[in-house]
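Participant: Take this structure, written in structure tokens, and hold onto it; I'll ask about it next.
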Amino acid sequence: MFTGIDEVDWTSLRHAYGSARDVPGLLRGLASAETAERAAALDGMYGAVHHEGNVYDSTLACVPFLLALAADERVRERGGLVDLLVSIGECASAEGVAARAGVVVRAGAAVRAGAEVFVRLTGDPDAGVRRAAATAVVRFLDEPARVLALLRERLTVERNDRLVIALVENLGHFARRHPQQAARAVELLAALSGPPHGPGPRLAALGQLASCAPERLPADLVPTVLGLVGERSAQHPCRPGAAGASGVHSLVDRLRRLRPSDEEGTRLLRTLHTALDDRLPDRITLLHGQLTSPAPTDRCNAVLLAAALFREWRGDHSATVALIAEQLRPEEHEDRGRLRDTAVSVLADLFALAAPAADRLHALVASHPDEWIRRWRPEAPLLAGPLHALARSGDPRAVPVLAEVLAEPVVPRDLGAAVADLGAPAAPLAPALRRALAAVPLGSPDTATPLLSALRALRDTESLPEVVRVLDAARRAARTGHGDRPLRAAIETLAAFGAGAREAVPVLRGLLDGEHALAAADALWAVEGDTSAVLHVLLRELTHEDHWRRTLAARSLELLGPAAHPALPALRRAIETGSAAERAAAGCAVCRITGEVEPAVGGALRSAWAERPRTRTAIATCLTALGPTAAPLRDLAATELAGPRRHTARPGGHGSHDIPRDEELLRVCRGVVEGT
């Protein structure tokens, strides 16, 4: 297994944390008879040698030894080693690999050269090895006919349903990877999607057909799928929260414990939903069937899948939200914490769209006062899920609860965001917020940040003396490397107060030459509207080496309107040479300064709109302000309103504010169109 390992100059090779001198020990640890030592070694491989999916020269050097370990039946848990090899090998086919280091390509080639090892392992006595090996063969054996024959053979002899599901998924991958051979693979999938095969393999086959041959799906797809889901649950009951091995030996084990309790079921249905894509009526009907299933695990899976649909697609989701709210019923709490917590988490990310669930959320908050706050020592606490979701929905019933939370010794660090989400109904909290801000020790201004955020959202000018007091304390702390966050929060709060913060003008003027000059200039303009006091600061920032500082400066100049006329030459240069975000900000500024959409500026805004969707709300806001002169770009807003997909939808991840950001864009675009 380790022939030649000492001949490699590991000290000259690198991994995520520097020299790879420790890698031989990790490789030997993978062959240990001790479970804990093997687990620690696998952690080390993922944590350093293949850190976050990266490939280093040490990763390449490990491939021959990993192949040897995977092929040796004396080594335990070899399925995990094959999984590691698959992950390393797939990096070479990842998007953008041509622009990456040659070591990635060489590592992919090294894994591909071991394809015969994977072929042999497809018949290994260990089920985990067989599963991983089939995945590797489909990806790295460059003989399509042989791969298909091997999959067909394994499907004939395999009796383990979980392995059959893996084989079906690999068959779908094969069809997508080898279009010329896809027809034979599709015939196999079609056969596997019907009786006498079990519900799990049939669901897997339907998901793969939806991806590579949707015309072969049955006409009664939704009832068929719901029937299979119910049949599968009856055969394999799984209570949410009960899954996972009892022994946790490594970081990999711990991460697996955090996965859905029915990971296989979640994956099967997610594959189908993803492939159905814009067939929203089918997807919604399917979700509603799952959400009313008698099996809590099926409902939990449906909640997760509904979240993905909400994040990607616009529309009236109130009926689906109401069904998710039903998962919060008191009778669902007992022994079903995962279902409840999952539902609350999804509802929290919906913000105002969670309004149909507000009654259930409020009942949950009222019945569990011990769960209003989540403590994360030594960090400041957070609002707990149900209260967090209720406040984000904008429901005023959260206000009295937040008042009680404010009486706690430590204010949750997301309180300000909760008040902002509630808006005007949170106004009764202002006196308590002022008292809490007055009690902040001057030596620890950091604790003031959530209070400042809340008072900013309420535009509570009565708190001005306390805001200025905190600003002075934070300014002193900033000189010693502390207090940056409360200082910025205080400046932004004064900006929100506008003319009501005139007493703070001298303090703000004193900040125009420091690190927070741009924020201070914005606040000063909001308070007194004196162009002469801030224009020189914004012009200076507009030439800063940091493109983000330049972008922020352009956004500030937009607010000045015609008074920022001296900035036009620099703004036009930014339109020609800047990033999409910078072009959008500079273009909007030029429009507001000149009062029109110049042809070159219009082209820049169109390109930024398409290239960087997150600029759309700022551009649409600018068009709203322009009124009739925005006509050359009004079609952008009309097209956006007609699109069913959220502008924030993107592969590979999402943010907790994606849905409200998209809803805000739609609101602004309606204003643009209605302003014709």
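Identifiers in the structure tokens: chain A, B, ... in order shown; residue index from 1 per chain; ligand index from 1 in order shown.
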Within 10 Å of Ala638 (chain A), counting only C-alpha atoms, which residues show up once you throw out same-chain ones fewer than 5 positions away? Write them as a list in words, please.

Facilitator: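 Result of the neighbour search: Leu633, Gly643, Leu666, Cys669, Arg670, Val672, Val673 and Glu674 of chain A.
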
Participant: For those residues, write N, CA and C atoms to a file as a PDB file, in the first residue's frame.

Facilitator:
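Full text of part_3.pdb as output:
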```pdb
ATOM      1  N   LEU A 633     -35.331  53.032 -20.559  1.00  0.00           N
ATOM      2  CA  LEU A 633     -34.979  51.812 -19.826  1.00  0.00           C
ATOM      3  C   LEU A 633     -36.179  51.173 -19.128  1.00  0.00           C
ATOM      4  N   GLY A 643     -41.105  38.097 -15.505  1.00  0.00           N
ATOM      5  CA  GLY A 643     -40.294  36.901 -15.288  1.00  0.00           C
ATOM      6  C   GLY A 643     -40.734  36.125 -14.065  1.00  0.00           C
ATOM      7  N   LEU A 666     -39.427  43.746  -7.175  1.00  0.00           N
ATOM      8  CA  LEU A 666     -40.726  43.730  -7.848  1.00  0.00           C
ATOM      9  C   LEU A 666     -41.542  44.962  -7.475  1.00  0.00           C
ATOM     10  N   CYS A 669     -40.035  47.895  -9.356  1.00  0.00           N
ATOM     11  CA  CYS A 669     -40.320  47.792 -10.794  1.00  0.00           C
ATOM     12  C   CYS A 669     -41.767  48.151 -11.102  1.00  0.00           C
ATOM     13  N   ARG A 670     -42.688  47.784 -10.218  1.00  0.00           N
ATOM     14  CA  ARG A 670     -44.080  48.190 -10.433  1.00  0.00           C
ATOM     15  C   ARG A 670     -44.204  49.709 -10.431  1.00  0.00           C
ATOM     16  N   VAL A 672     -41.867  51.771 -11.377  1.00  0.00           N
ATOM     17  CA  VAL A 672     -41.294  52.256 -12.641  1.00  0.00           C
ATOM     18  C   VAL A 672     -42.329  52.157 -13.749  1.00  0.00           C
ATOM     19  N   VAL A 673     -42.982  51.004 -13.854  1.00  0.00           N
ATOM     20  CA  VAL A 673     -43.954  50.787 -14.929  1.00  0.00           C
ATOM     21  C   VAL A 673     -45.177  51.682 -14.752  1.00  0.00           C
ATOM     22  N   GLU A 674     -45.638  51.824 -13.527  1.00  0.00           N
ATOM     23  CA  GLU A 674     -46.818  52.651 -13.277  1.00  0.00           C
ATOM     24  C   GLU A 674     -46.529  54.135 -13.439  1.00  0.00           C
TER      25      GLU A 674
END
```

Participant: When you look at Pro660 (chain A) with a cut-off of 8 Å (counting only C-alpha atoms), what residues show up, excluding the ones that are within fewer than 3 positions of it in the same chain? I need them as a list in words.

Facilitator: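 Here the qualifying residues turn out to be Leu350, Phe351, Ala352, His657, Glu663 and Glu664 of chain A.
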
Participant: Could you save the residues just selected, with N, CA and C atoms, as a CSV table (one decimal), in the first residue's frame?

Facilitator:
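As written to disk, part15.csv reads:
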```csv
chain,number,residue,atom,x,y,z
A,350,LEU,N,-38.8,33.7,4.7
A,350,LEU,CA,-39.8,34.2,3.9
A,350,LEU,C,-40.2,35.6,4.2
A,351,PHE,N,-39.8,36.1,5.4
A,351,PHE,CA,-40.2,37.5,5.8
A,351,PHE,C,-41.7,37.7,5.7
A,352,ALA,N,-42.1,38.7,5.0
A,352,ALA,CA,-43.5,39.1,4.9
A,352,ALA,C,-44.4,38.0,4.2
A,657,HIS,N,-31.6,36.7,3.0
A,657,HIS,CA,-32.5,37.9,2.6
A,657,HIS,C,-32.8,37.9,1.1
A,663,GLU,N,-38.6,40.6,-3.6
A,663,GLU,CA,-39.9,41.2,-3.5
A,663,GLU,C,-39.8,42.7,-3.5
A,664,GLU,N,-38.7,43.3,-3.0
A,664,GLU,CA,-38.4,44.7,-3.1
A,664,GLU,C,-38.2,45.1,-4.5
```

Participant: Could you state the separation of CA of Ala110 (chain A) and CA of Leu60 (chain A) in Å, given to one decimal place?

Facilitator: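 Taking CA of Ala110 (chain A) and CA of Leu60 (chain A), their separation equals 7.4 Å.
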
Participant: What lies within 10 Å of Pro486 (chain A) using only C-alpha atoms, ignoring chain neighbours under 6 positions off, as a ChimeraX atom specification?

Facilitator: /A:444-453,467,470-471,473-475,477-478,492

Participant: Give me the residues within 12 Å of Thr624 (chain A) as a list in words, counting only C-alpha atoms and dropping any in the same chain fewer than 6 places off.

Facilitator: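 Counting only the stated atoms, we get Cys588, Cys591, Arg592, Gly595, Thr617, Ala618, Ala630, Ala631, Leu633, Arg634, Ala637, Leu665, Arg667, Val668, Cys669, Arg670, Gly671, Val672, Val673, Glu674, Gly675 and Thr676 of chain A.
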
Participant: Region 406-410 of chain A: which residues within 12 Å, counting only C-alpha atoms, same-chain residues fewer than 3 positions away excluded, as a PDB file with N, CA and C atoms, in the first residue's frame?

Facilitator:
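As a result, selection.pdb now contains:
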```pdb
ATOM      1  N   TRP A 372     -37.495  32.196  23.750  1.00  0.00           N
ATOM      2  CA  TRP A 372     -37.481  33.467  23.029  1.00  0.00           C
ATOM      3  C   TRP A 372     -36.071  33.859  22.604  1.00  0.00           C
ATOM      4  N   ILE A 373     -35.100  33.408  23.363  1.00  0.00           N
ATOM      5  CA  ILE A 373     -33.710  33.800  23.100  1.00  0.00           C
ATOM      6  C   ILE A 373     -32.856  32.550  22.962  1.00  0.00           C
ATOM      7  N   ARG A 374     -31.918  32.599  22.038  1.00  0.00           N
ATOM      8  CA  ARG A 374     -30.955  31.504  21.865  1.00  0.00           C
ATOM      9  C   ARG A 374     -29.587  32.038  22.278  1.00  0.00           C
ATOM     10  N   ARG A 375     -29.001  31.414  23.245  1.00  0.00           N
ATOM     11  CA  ARG A 375     -27.732  31.921  23.788  1.00  0.00           C
ATOM     12  C   ARG A 375     -26.555  31.185  23.167  1.00  0.00           C
ATOM     13  N   TRP A 376     -25.508  31.956  22.803  1.00  0.00           N
ATOM     14  CA  TRP A 376     -24.314  31.417  22.143  1.00  0.00           C
ATOM     15  C   TRP A 376     -23.078  31.949  22.850  1.00  0.00           C
ATOM     16  N   ARG A 377     -22.931  31.640  24.115  1.00  0.00           N
ATOM     17  CA  ARG A 377     -21.776  32.146  24.854  1.00  0.00           C
ATOM     18  C   ARG A 377     -20.473  31.734  24.180  1.00  0.00           C
ATOM     19  N   PRO A 378     -19.484  32.628  24.116  1.00  0.00           N
ATOM     20  CA  PRO A 378     -19.444  33.954  24.733  1.00  0.00           C
ATOM     21  C   PRO A 378     -20.050  35.047  23.858  1.00  0.00           C
ATOM     22  N   GLU A 379     -20.645  34.688  22.703  1.00  0.00           N
ATOM     23  CA  GLU A 379     -21.245  35.696  21.831  1.00  0.00           C
ATOM     24  C   GLU A 379     -22.550  36.208  22.450  1.00  0.00           C
ATOM     25  N   ALA A 380     -22.973  37.391  21.987  1.00  0.00           N
ATOM     26  CA  ALA A 380     -24.272  37.918  22.400  1.00  0.00           C
ATOM     27  C   ALA A 380     -25.366  36.990  21.889  1.00  0.00           C
ATOM     28  N   PRO A 381     -26.504  36.909  22.596  1.00  0.00           N
ATOM     29  CA  PRO A 381     -27.563  35.978  22.189  1.00  0.00           C
ATOM     30  C   PRO A 381     -28.248  36.424  20.898  1.00  0.00           C
ATOM     31  N   LEU A 382     -29.068  35.525  20.367  1.00  0.00           N
ATOM     32  CA  LEU A 382     -29.889  35.798  19.190  1.00  0.00           C
ATOM     33  C   LEU A 382     -31.349  35.547  19.543  1.00  0.00           C
ATOM     34  N   LEU A 383     -32.259  36.174  18.809  1.00  0.00           N
ATOM     35  CA  LEU A 383     -33.664  35.832  18.954  1.00  0.00           C
ATOM     36  C   LEU A 383     -33.852  34.398  18.480  1.00  0.00           C
ATOM     37  N   VAL A 399     -44.200  42.544  19.062  1.00  0.00           N
ATOM     38  CA  VAL A 399     -43.708  43.738  19.766  1.00  0.00           C
ATOM     39  C   VAL A 399     -43.700  43.565  21.282  1.00  0.00           C
ATOM     40  N   PRO A 400     -44.804  43.152  21.928  1.00  0.00           N
ATOM     41  CA  PRO A 400     -44.744  42.989  23.393  1.00  0.00           C
ATOM     42  C   PRO A 400     -43.732  41.945  23.847  1.00  0.00           C
ATOM     43  N   VAL A 401     -43.510  40.939  23.032  1.00  0.00           N
ATOM     44  CA  VAL A 401     -42.511  39.927  23.390  1.00  0.00           C
ATOM     45  C   VAL A 401     -41.117  40.541  23.320  1.00  0.00           C
ATOM     46  N   LEU A 402     -40.872  41.327  22.278  1.00  0.00           N
ATOM     47  CA  LEU A 402     -39.570  41.995  22.168  1.00  0.00           C
ATOM     48  C   LEU A 402     -39.361  42.978  23.317  1.00  0.00           C
ATOM     49  N   ALA A 403     -40.436  43.572  23.805  1.00  0.00           N
ATOM     50  CA  ALA A 403     -40.313  44.474  24.954  1.00  0.00           C
ATOM     51  C   ALA A 403     -39.804  43.719  26.176  1.00  0.00           C
ATOM     52  N   ARG A 413     -28.250  40.298  19.480  1.00  0.00           N
ATOM     53  CA  ARG A 413     -27.551  41.092  18.469  1.00  0.00           C
ATOM     54  C   ARG A 413     -28.345  41.269  17.181  1.00  0.00           C
ATOM     55  N   ASP A 414     -29.453  40.535  17.008  1.00  0.00           N
ATOM     56  CA  ASP A 414     -30.286  40.735  15.830  1.00  0.00           C
ATOM     57  C   ASP A 414     -31.576  41.490  16.148  1.00  0.00           C
ATOM     58  N   LEU A 415     -31.621  42.157  17.311  1.00  0.00           N
ATOM     59  CA  LEU A 415     -32.816  42.903  17.692  1.00  0.00           C
ATOM     60  C   LEU A 415     -33.101  44.030  16.698  1.00  0.00           C
ATOM     61  N   GLY A 416     -32.050  44.738  16.274  1.00  0.00           N
ATOM     62  CA  GLY A 416     -32.246  45.854  15.358  1.00  0.00           C
ATOM     63  C   GLY A 416     -32.895  45.410  14.063  1.00  0.00           C
ATOM     64  N   VAL A 419     -36.629  44.811  14.626  1.00  0.00           N
ATOM     65  CA  VAL A 419     -37.389  46.069  14.674  1.00  0.00           C
ATOM     66  C   VAL A 419     -37.560  46.628  13.269  1.00  0.00           C
ATOM     67  N   LEU A 429     -41.654  50.355  21.155  1.00  0.00           N
ATOM     68  CA  LEU A 429     -40.411  49.900  21.773  1.00  0.00           C
ATOM     69  C   LEU A 429     -39.413  51.032  21.977  1.00  0.00           C
ATOM     70  N   ALA A 430     -39.664  52.192  21.353  1.00  0.00           N
ATOM     71  CA  ALA A 430     -38.670  53.271  21.373  1.00  0.00           C
ATOM     72  C   ALA A 430     -38.246  53.686  22.784  1.00  0.00           C
ATOM     73  N   PRO A 431     -39.175  53.914  23.734  1.00  0.00           N
ATOM     74  CA  PRO A 431     -38.716  54.309  25.080  1.00  0.00           C
ATOM     75  C   PRO A 431     -37.794  53.285  25.731  1.00  0.00           C
ATOM     76  N   ALA A 432     -38.133  52.005  25.593  1.00  0.00           N
ATOM     77  CA  ALA A 432     -37.281  50.968  26.189  1.00  0.00           C
ATOM     78  C   ALA A 432     -35.928  50.918  25.489  1.00  0.00           C
ATOM     79  N   LEU A 433     -35.913  51.122  24.182  1.00  0.00           N
ATOM     80  CA  LEU A 433     -34.649  51.142  23.450  1.00  0.00           C
ATOM     81  C   LEU A 433     -33.773  52.306  23.901  1.00  0.00           C
ATOM     82  N   ARG A 434     -34.400  53.456  24.141  1.00  0.00           N
ATOM     83  CA  ARG A 434     -33.632  54.620  24.612  1.00  0.00           C
ATOM     84  C   ARG A 434     -33.019  54.347  25.985  1.00  0.00           C
ATOM     85  N   ARG A 435     -33.820  53.745  26.855  1.00  0.00           N
ATOM     86  CA  ARG A 435     -33.304  53.448  28.197  1.00  0.00           C
ATOM     87  C   ARG A 435     -32.145  52.458  28.115  1.00  0.00           C
ATOM     88  N   ALA A 436     -32.304  51.455  27.265  1.00  0.00           N
ATOM     89  CA  ALA A 436     -31.233  50.468  27.127  1.00  0.00           C
ATOM     90  C   ALA A 436     -29.967  51.100  26.561  1.00  0.00           C
ATOM     91  N   LEU A 437     -30.122  52.024  25.609  1.00  0.00           N
ATOM     92  CA  LEU A 437     -28.953  52.687  25.035  1.00  0.00           C
ATOM     93  C   LEU A 437     -28.274  53.573  26.076  1.00  0.00           C
ATOM     94  N   ALA A 439     -28.057  52.976  29.101  1.00  0.00           N
ATOM     95  CA  ALA A 439     -27.385  52.129  30.088  1.00  0.00           C
ATOM     96  C   ALA A 439     -26.126  51.471  29.539  1.00  0.00           C
ATOM     97  N   VAL A 440     -25.829  51.660  28.255  1.00  0.00           N
ATOM     98  CA  VAL A 440     -24.636  51.047  27.678  1.00  0.00           C
ATOM     99  C   VAL A 440     -23.394  51.686  28.277  1.00  0.00           C
ATOM    100  N   ASP A 446     -19.639  48.413  21.959  1.00  0.00           N
ATOM    101  CA  ASP A 446     -20.089  47.366  21.028  1.00  0.00           C
ATOM    102  C   ASP A 446     -21.502  46.885  21.336  1.00  0.00           C
ATOM    103  N   THR A 447     -21.870  46.868  22.620  1.00  0.00           N
ATOM    104  CA  THR A 447     -23.190  46.369  22.995  1.00  0.00           C
ATOM    105  C   THR A 447     -24.307  47.294  22.525  1.00  0.00           C
ATOM    106  N   ALA A 448     -23.943  48.481  22.039  1.00  0.00           N
ATOM    107  CA  ALA A 448     -24.954  49.430  21.582  1.00  0.00           C
ATOM    108  C   ALA A 448     -25.415  49.165  20.155  1.00  0.00           C
ATOM    109  N   THR A 449     -24.674  48.368  19.392  1.00  0.00           N
ATOM    110  CA  THR A 449     -24.945  48.227  17.957  1.00  0.00           C
ATOM    111  C   THR A 449     -26.377  47.795  17.646  1.00  0.00           C
ATOM    112  N   PRO A 450     -26.927  46.727  18.265  1.00  0.00           N
ATOM    113  CA  PRO A 450     -28.311  46.358  17.922  1.00  0.00           C
ATOM    114  C   PRO A 450     -29.323  47.416  18.335  1.00  0.00           C
ATOM    115  N   LEU A 451     -29.048  48.135  19.415  1.00  0.00           N
ATOM    116  CA  LEU A 451     -29.957  49.201  19.847  1.00  0.00           C
ATOM    117  C   LEU A 451     -29.945  50.357  18.852  1.00  0.00           C
ATOM    118  N   ALA A 454     -31.948  49.426  15.832  1.00  0.00           N
ATOM    119  CA  ALA A 454     -33.387  49.502  16.084  1.00  0.00           C
ATOM    120  C   ALA A 454     -33.874  50.946  16.063  1.00  0.00           C
TER     121      ALA A 454
END
```

Participant: Report as a PyMOL selection string all protein, DNA and RNA residues lying within 9 Å of region 362-367 of chain A, evaluated on only C-alpha atoms, omitting residues in the same chain fewer than 4 positions from it.

Facilitator: chain A and resi 328-330+357-358+371-372+386-387+390+395+397-398+401

Participant: Quick one: write out the picked residues with N, CA, C and O atoms as a short mmCIF file (atom, residue, chain, number, x, y, z; two decimals), in the first residue's frame?

Facilitator:
```cif
data_model
loop_
_atom_site.label_atom_id
_atom_site.label_comp_id
_atom_site.auth_asym_id
_atom_site.auth_seq_id
_atom_site.Cartn_x
_atom_site.Cartn_y
_atom_site.Cartn_z
N LEU A 328 -46.50 23.38 12.70
CA LEU A 328 -46.23 23.98 14.01
C LEU A 328 -47.35 23.71 15.01
O LEU A 328 -47.30 24.23 16.13
N ARG A 329 -48.33 22.93 14.63
CA ARG A 329 -49.43 22.63 15.56
C ARG A 329 -48.88 21.98 16.82
O ARG A 329 -47.91 21.21 16.76
N PRO A 330 -49.50 22.24 17.97
CA PRO A 330 -49.00 21.67 19.24
C PRO A 330 -48.82 20.16 19.19
O PRO A 330 -47.85 19.63 19.73
N ALA A 357 -48.65 32.17 8.11
CA ALA A 357 -48.24 31.31 9.22
C ALA A 357 -48.15 32.08 10.54
O ALA A 357 -47.76 31.51 11.56
N ALA A 358 -48.52 33.36 10.53
CA ALA A 358 -48.30 34.21 11.71
C ALA A 358 -49.05 33.70 12.93
O ALA A 358 -48.52 33.74 14.06
N GLU A 371 -38.08 29.91 25.17
CA GLU A 371 -37.38 29.76 23.89
C GLU A 371 -37.38 31.06 23.08
O GLU A 371 -37.27 31.04 21.86
N TRP A 372 -37.49 32.20 23.75
CA TRP A 372 -37.48 33.47 23.03
C TRP A 372 -36.07 33.86 22.60
O TRP A 372 -35.89 34.58 21.63
N PRO A 386 -38.80 30.86 16.46
CA PRO A 386 -40.19 31.29 16.30
C PRO A 386 -40.38 32.80 16.44
O PRO A 386 -41.08 33.41 15.63
N LEU A 387 -39.75 33.42 17.44
CA LEU A 387 -39.86 34.87 17.61
C LEU A 387 -39.19 35.60 16.45
O LEU A 387 -39.69 36.61 15.94
N LEU A 390 -41.55 35.35 13.53
CA LEU A 390 -42.74 36.19 13.73
C LEU A 390 -42.42 37.66 13.47
O LEU A 390 -43.19 38.36 12.80
N ASP A 395 -45.44 40.84 11.88
CA ASP A 395 -46.63 40.73 12.74
C ASP A 395 -46.44 41.53 14.02
O ASP A 395 -45.49 41.30 14.77
N ARG A 397 -47.73 41.33 16.82
CA ARG A 397 -47.78 40.56 18.08
C ARG A 397 -46.39 40.23 18.60
O ARG A 397 -46.24 39.80 19.75
N ALA A 398 -45.37 40.45 17.77
CA ALA A 398 -44.00 40.24 18.25
C ALA A 398 -43.54 41.38 19.14
O ALA A 398 -42.58 41.22 19.90
N VAL A 401 -43.51 40.94 23.03
CA VAL A 401 -42.51 39.93 23.39
C VAL A 401 -41.12 40.54 23.32
O VAL A 401 -40.28 40.34 24.21
#
```

Participant: What gap, in Å, lies between CA of Ala489 (chain A) and CA of Thr648 (chain A)?

Facilitator: 26.6 Å
